[in-house]
file final_15.txt (compact mmCIF, C-alpha atoms)
# COMPACT_ATOMS: atom_id res chain seq x y z
CA MET A 6 167.89 168.60 200.05
CA LEU A 7 165.08 171.12 199.47
CA ALA A 8 165.53 172.54 202.97
CA ARG A 9 169.10 173.49 202.09
CA ALA A 10 168.11 175.52 199.02
CA GLU A 11 168.78 179.25 199.30
CA LEU A 12 165.96 179.97 196.85
CA LEU A 13 163.05 177.61 196.21
CA THR A 14 160.39 178.12 193.56
CA LEU A 15 157.30 176.00 193.22
CA GLU A 16 154.01 175.89 191.42
CA PHE A 17 151.12 175.96 193.87
CA TRP A 18 148.01 174.44 192.32
CA PRO A 19 145.13 174.11 194.80
CA TYR A 20 143.01 172.05 192.37
CA ALA A 21 145.66 169.35 192.01
CA LEU A 22 146.43 169.44 195.71
CA ALA A 23 142.76 168.84 196.54
CA GLY A 24 142.41 166.17 193.83
CA ASP A 25 145.31 164.18 195.23
CA ALA A 26 144.03 164.54 198.79
CA GLY A 27 147.18 166.52 199.48
CA ASP A 28 147.64 168.40 202.72
CA VAL A 29 148.59 172.06 202.49
CA THR A 30 149.83 171.84 206.09
CA THR A 31 152.77 169.70 205.00
CA ILE A 32 153.82 172.35 202.51
CA VAL A 33 153.40 175.39 204.73
CA ASP A 34 155.09 173.71 207.71
CA PHE A 35 158.11 173.00 205.52
CA LEU A 36 158.21 176.57 204.20
CA ARG A 37 157.81 178.08 207.67
CA ALA A 38 160.61 175.94 209.08
CA ASN A 39 163.16 176.66 206.37
CA PHE A 40 162.54 180.06 204.77
CA THR A 41 161.94 183.63 205.92
CA GLN A 42 160.38 185.48 202.99
CA GLY A 43 158.81 184.99 199.59
CA GLU A 44 156.31 185.99 196.96
CA ILE A 45 153.16 184.52 195.44
CA VAL A 46 152.21 185.47 191.88
CA ALA A 47 149.12 184.38 189.95
CA GLY A 48 150.22 181.92 187.30
CA ASP A 49 148.98 184.00 184.39
CA SER A 50 150.43 187.27 185.68
CA ASP A 51 153.54 189.00 184.37
CA ASP A 52 153.72 191.43 187.27
CA PRO A 53 155.65 190.84 190.50
CA ALA A 54 153.43 190.90 193.61
CA GLY A 55 156.13 191.98 196.06
CA THR A 56 158.18 190.19 198.70
CA GLU A 57 156.52 189.49 202.04
CA PRO A 58 157.42 187.72 205.28
CA ILE A 59 156.95 183.96 205.26
CA ALA A 60 154.05 184.12 207.77
CA ALA A 61 152.02 186.40 205.49
CA LEU A 62 152.80 184.24 202.46
CA ILE A 63 151.71 181.12 204.33
CA ASP A 64 148.42 182.78 205.29
CA GLN A 65 147.79 183.41 201.60
CA LEU A 66 148.64 179.84 200.62
CA ILE A 67 146.24 178.42 203.21
CA LYS A 68 143.41 180.71 202.08
CA ARG A 69 143.98 180.01 198.39
CA ALA A 70 144.25 176.25 198.95
CA GLU A 71 140.65 176.43 200.11
CA SER A 72 139.18 179.15 197.88
CA ASP A 73 140.68 177.85 194.61
CA ARG A 74 140.40 174.10 195.19
CA ALA A 75 137.61 173.66 192.60
CA ASP A 76 139.10 175.83 189.86
CA ARG A 77 141.31 173.80 187.54
CA ASP A 78 142.72 176.90 185.82
CA VAL A 79 144.00 178.73 188.89
CA TYR A 80 147.60 178.21 189.98
CA TYR A 81 150.34 180.30 191.53
CA ASP A 82 154.07 180.66 191.14
CA VAL A 83 155.72 180.89 194.54
CA TRP A 84 159.31 181.58 195.52
CA VAL A 85 160.78 181.58 199.01
CA SER A 86 164.27 182.33 200.26
CA LYS A 87 166.33 182.16 203.45
CA MET B 4 141.48 177.80 147.08
CA SER B 5 141.61 181.37 145.83
CA ALA B 6 143.31 184.15 147.79
CA TRP B 7 139.92 185.83 148.13
CA ALA B 8 138.35 182.72 149.69
CA ARG B 9 141.34 182.23 151.98
CA ARG B 10 141.12 185.81 153.27
CA GLY B 11 137.40 185.33 153.81
CA ILE B 12 137.93 182.18 155.84
CA GLU B 13 140.67 183.86 157.91
CA ALA B 14 138.41 186.82 158.63
CA LEU B 15 135.54 184.52 159.56
CA ILE B 16 137.72 182.47 161.92
CA GLY B 17 139.04 185.67 163.51
CA ARG B 18 135.49 186.96 164.06
CA VAL B 19 133.82 183.75 165.22
CA PHE B 20 136.50 182.17 167.39
CA ASP B 21 138.36 183.67 170.35
CA LYS B 22 142.05 182.90 170.84
CA TYR B 23 141.31 179.77 172.88
CA ASP B 24 138.99 178.34 170.24
CA ARG B 25 141.48 179.20 167.50
CA TYR B 26 144.09 177.14 169.35
CA ARG B 27 141.57 174.29 169.63
CA LEU B 28 140.99 174.58 165.90
CA LEU B 29 144.74 174.51 165.31
CA GLN B 30 145.02 171.36 167.43
CA TRP B 31 142.24 169.71 165.45
CA LEU B 32 143.86 170.62 162.13
CA ALA B 33 147.25 169.35 163.34
CA ARG B 34 145.82 166.01 164.40
CA ASP B 35 143.96 165.78 161.08
CA GLN B 36 147.26 166.27 159.26
CA GLY B 37 149.24 163.85 161.42
CA ILE B 38 151.25 166.58 163.17
CA SER B 39 152.31 165.62 166.69
CA GLY B 40 154.18 168.71 167.88
CA PHE B 41 154.21 172.50 167.72
CA VAL B 42 157.30 174.69 167.94
CA VAL B 43 156.91 178.14 169.53
CA GLU B 44 159.46 180.96 169.65
CA GLY B 45 159.27 183.24 172.68
CA ALA B 46 161.25 184.79 175.52
CA GLN B 47 162.25 181.37 176.91
CA GLY B 48 163.53 180.18 173.54
CA ILE B 49 162.40 178.03 170.62
CA VAL B 50 160.42 175.35 172.37
CA GLU B 51 158.63 172.25 171.10
CA GLY B 52 155.67 170.69 172.86
CA PRO B 53 152.92 168.19 172.15
CA VAL B 54 149.92 169.18 170.03
CA GLU B 55 147.54 167.84 172.70
CA ASP B 56 148.74 170.26 175.37
CA PHE B 57 146.27 173.07 175.96
CA ALA B 58 147.96 174.33 179.13
CA ILE B 59 151.70 174.99 178.90
CA LEU B 60 152.47 175.24 175.18
CA ARG B 61 149.20 177.05 174.42
CA THR B 62 150.02 179.65 177.09
CA TYR B 63 153.57 180.03 175.78
CA ALA B 64 152.30 180.36 172.20
CA GLN B 65 149.77 183.05 173.06
CA LYS B 66 151.93 185.05 175.52
CA ARG B 67 155.39 184.22 174.12
CA ARG B 68 156.73 184.01 177.67
CA TRP B 69 156.39 181.71 180.66
CA ALA B 70 156.36 182.52 184.41
CA GLN B 71 158.23 185.72 183.71
CA PRO B 72 158.40 187.11 187.30
CA THR B 73 159.78 183.81 188.61
CA SER B 74 162.18 183.48 185.72
CA GLU B 75 163.55 186.98 186.35
CA ARG B 76 163.84 186.32 190.10
CA ILE B 77 165.93 183.20 189.49
CA ALA B 78 168.14 184.99 186.95
CA VAL B 79 168.92 187.79 189.41
CA PHE B 80 169.52 185.36 192.26
CA LEU B 81 171.99 183.31 190.20
CA LYS B 82 173.67 186.15 188.33
CA ASP B 83 177.07 185.30 189.89
CA GLY B 84 176.62 181.57 189.32
CA GLY B 85 175.47 178.59 191.37
CA SER B 86 173.54 175.35 191.08
CA TYR B 87 169.98 175.05 189.85
CA LEU B 88 167.78 171.96 190.19
CA ASP B 89 164.59 171.72 188.14
CA ILE B 90 162.48 168.93 189.60
CA GLY B 91 159.76 168.22 187.08
CA ALA B 92 161.36 170.12 184.22
CA ASN B 93 158.62 169.26 181.69
CA ILE B 94 159.63 170.70 178.28
CA GLY B 95 162.30 173.03 179.69
CA LEU B 96 160.59 176.43 179.87
CA THR B 97 162.11 177.13 183.30
CA THR B 98 165.56 175.61 182.80
CA ILE B 99 166.33 177.16 179.42
CA PRO B 100 166.50 180.81 180.59
CA VAL B 101 168.53 179.85 183.67
CA ALA B 102 171.03 177.97 181.52
CA ARG B 103 171.74 181.10 179.49
CA ASN B 104 174.11 182.03 182.33
CA PRO B 105 177.18 179.83 181.77
CA LYS B 106 178.15 180.22 185.44
CA VAL B 107 175.09 178.22 186.54
CA ASP B 108 175.17 174.42 186.62
CA CYS B 109 171.67 173.13 185.86
CA VAL B 110 170.34 169.67 186.65
CA ALA B 111 166.87 168.91 185.30
CA PHE B 112 164.71 165.92 186.27
CA GLU B 113 161.69 164.86 184.23
CA PRO B 114 160.06 161.47 184.85
CA ASP B 115 157.69 161.26 181.88
CA PRO B 116 159.53 159.70 178.89
CA VAL B 117 157.56 161.71 176.30
CA MET B 118 158.18 165.02 178.06
CA PHE B 119 161.80 164.03 178.63
CA ALA B 120 162.38 163.54 174.90
CA LEU B 121 160.99 167.02 174.25
CA LEU B 122 163.04 168.45 177.12
CA ARG B 123 166.22 166.96 175.66
CA ALA B 124 165.45 168.39 172.22
CA ASN B 125 164.61 171.83 173.63
CA ILE B 126 167.76 171.96 175.75
CA ALA B 127 169.85 170.95 172.74
CA ARG B 128 168.17 173.63 170.63
CA ASN B 129 168.45 176.48 173.13
CA CYS B 130 171.32 175.89 175.56
CA GLU B 131 174.75 176.52 174.09
CA HIS B 132 176.91 176.35 177.24
CA ALA B 133 176.73 172.59 177.93
CA ASN B 134 175.76 173.40 181.52
CA VAL B 135 172.59 171.31 181.73
CA THR B 136 172.50 167.70 182.92
CA LEU B 137 169.29 165.80 182.24
CA HIS B 138 167.79 162.85 184.11
CA ASN B 139 164.72 160.86 183.05
CA LEU B 140 163.79 160.20 186.67
CA ALA B 141 161.26 160.88 189.37
CA LEU B 142 162.68 162.04 192.70
CA SER B 143 161.22 160.32 195.73
CA ASP B 144 161.87 159.30 199.31
CA HIS B 145 162.60 155.75 198.15
CA GLU B 146 164.17 153.94 195.21
CA GLY B 147 162.02 151.95 192.80
CA THR B 148 159.57 152.55 189.98
CA VAL B 149 156.56 154.84 189.93
CA THR B 150 153.60 154.77 187.57
CA LEU B 151 152.75 158.20 186.22
CA MET B 152 149.27 159.42 185.32
CA ARG B 153 148.99 161.88 182.45
CA SER B 154 146.17 164.38 182.17
CA PRO B 155 144.57 164.80 178.73
CA GLY B 156 145.08 168.35 177.51
CA ASN B 157 147.52 169.41 180.23
CA ALA B 158 151.09 168.28 179.69
CA GLY B 159 152.04 169.88 183.00
CA ASP B 160 149.69 167.67 184.99
CA ILE B 161 151.61 164.43 185.41
CA ARG B 162 151.11 162.76 188.76
CA ILE B 163 152.09 159.57 190.52
CA HIS B 164 149.34 157.07 189.74
CA ARG B 165 147.35 155.63 192.60
CA SER B 166 144.21 154.16 191.05
CA GLY B 167 141.76 154.70 188.23
CA GLY B 168 142.23 156.37 184.87
CA PRO B 169 142.70 154.82 181.45
CA ALA B 170 145.81 152.74 180.87
CA SER B 171 146.76 154.79 177.80
CA ASP B 172 147.40 157.81 180.00
CA ARG B 173 150.05 156.07 182.05
CA ALA B 174 153.82 155.82 181.87
CA CYS B 175 156.49 154.36 184.13
CA SER B 176 159.60 156.03 185.46
CA PRO B 177 162.44 154.96 187.70
CA ALA B 178 162.48 156.78 191.04
CA ARG B 179 165.59 157.76 192.98
CA SER B 180 165.71 158.84 196.58
CA CYS B 181 167.02 162.28 197.40
call {"tool": "encode", "arguments": {"input": "final_15.txt", "output": "structure tokens"}}
result
Amino acid sequence: MLARAELLTLEFWPYALAGDAGDVTTIVDFLRANFTQGEIVAGDSDDPAGTEPIAALIDQLIKRAESDRADRDVYYDVWVSK
Amino acid sequence: MSAWARRGIEALIGRVFDKYDRYRLLQWLARDQGISGFVVEGAQGIVEGPVEDFAILRTYAQKRRWAQPTSERIAVFLKDGGSYLDIGANIGLTTIPVARNPKVDCVAFEPDPVMFALLRANIARNCEHANVTLHNLALSDHEGTVTLMRSPGNAGDIRIHRSGGPASDRACSPARSC
């Protein structure tokens, strides 16, 4: 069902992902396989960050999953589209 | 209490406490007075949430908006209508602005029964087009029942329970496959 969405938004929270022993690979593989572009915005920001290709967005998600895994207050709003 | 004393206390609180501590103080006073919920008016609507929540409702109260870039992106994307699924709708801060467009059919899923009651009230209060369908469900890859684990102080952190944690922070929800 999610793979058929034309626009998908999600909250990306590295702290919760790490706490639940979640695997960021599962998320990024799904995004890479089904979407072509997107945006990642810090959760407390009101400013758009700009659309980028899905590969660049995935690089950011992987880096932030590691760098922000211990910070409970850091999360991101992500959208991706076909 | 005299007006002079009240102004003095307000000035003292404003000087001593930052906005986060003032919200903590507000939470303490609410609990002391038996108040269980706060209602906040902002860009997403008039929204009620639990007093204990220091994450979502506190952010909405202090900024008077929620996930604004994402909210605007969705509104533009669905300007001509469509279907919108909110999986983990919480208290409705994402669904409410989408539902302002009567050409969008919204379906919101929230597994936690406490959050679901607030979601239902907030949708009723803010959505006039009868274009929102609500389900008190978790979505899963199998049918059954899941135990949810609540996080003290963060009403947005509700996870499927695996082990540990106090029993008072748990709730059950039916799960439907999708």
call {"tool": "interface_residues", "arguments": {"input": "final_15.txt", "of": "chain A", "to": "chain B", "cutoff": "8 Å", "atoms": "only C-alpha atoms", "output": "list of chain:residue names"}}
result
A:Met6, A:Leu12, A:Thr14, A:Val46, A:Gly48, A:Asp49, A:Ser50, A:Asp51, A:Asp52, A:Pro53, A:Asp82, A:Val83, A:Trp84
call {"tool": "closest_residue", "arguments": {"input": "final_15.txt", "among": "B:Pro105, B:Gly147, B:Gly45, B:Gly156", "to": "Arg27 in chain B", "atoms": "all atoms listed in the file"}}
result
B:Gly156
call {"tool": "residues_around", "arguments": {"input": "final_15.txt", "residues": "range 68-80 of chain A", "least_positions_apart": "4", "cutoff": "6 Å", "atoms": "only C-alpha atoms", "output": "ChimeraX atom specification"}}
result
/A:17-20,23,48
call {"tool": "atom_distance", "arguments": {"input": "final_15.txt", "atom1": "CA of Ala47 in chain A", "atom2": "CA of Met118 in chain B"}}
result
24.5 Å
call {"tool": "closest_residue", "arguments": {"input": "final_15.txt", "among": "A:Ala26, A:Ile63, A:Phe35, A:Gly43", "to": "Val85 in chain A", "atoms": "all atoms listed in the file"}}
result
A:Gly43
call {"tool": "atom_distance", "arguments": {"input": "final_15.txt", "atom1": "CA of Glu16 in chain A", "atom2": "CA of Gly91 in chain B"}}
result
10.5 Å
call {"tool": "atom_distance", "arguments": {"input": "final_15.txt", "atom1": "CA of Val29 in chain A", "atom2": "CA of Val149 in chain B"}}
result
22.8 Å
call {"tool": "residues_around", "arguments": {"input": "final_15.txt", "residues": "range 6-22 of chain B", "least_positions_apart": "6", "cutoff": "10 Å", "atoms": "only C-alpha atoms", "output": "PyMOL selection string"}}
result
chain B and resi 28+61+65
call {"tool": "residues_around", "arguments": {"input": "final_15.txt", "residues": "Glu11 in chain A", "least_positions_apart": "4", "cutoff": "9 Å", "atoms": "only C-alpha atoms", "output": "PyMOL selection string"}}
result
chain A and resi 7+40+85-87
call {"tool": "residues_around", "arguments": {"input": "final_15.txt", "residues": "range 29-31 of chain B", "least_positions_apart": "4", "cutoff": "9 Å", "atoms": "all atoms listed in the file", "output": "list in words"}}
result
Asp24, Arg25, Asp35, Gln36, Ile38, Val54, Glu55, Asp56 and Phe57 of chain B
call {"tool": "closest_residue", "arguments": {"input": "final_15.txt", "among": "A:Ile32, A:Ile67, A:Ala60, A:Ala54", "to": "Leu15 in chain A", "atoms": "all atoms listed in the file"}}
result
A:Ile32
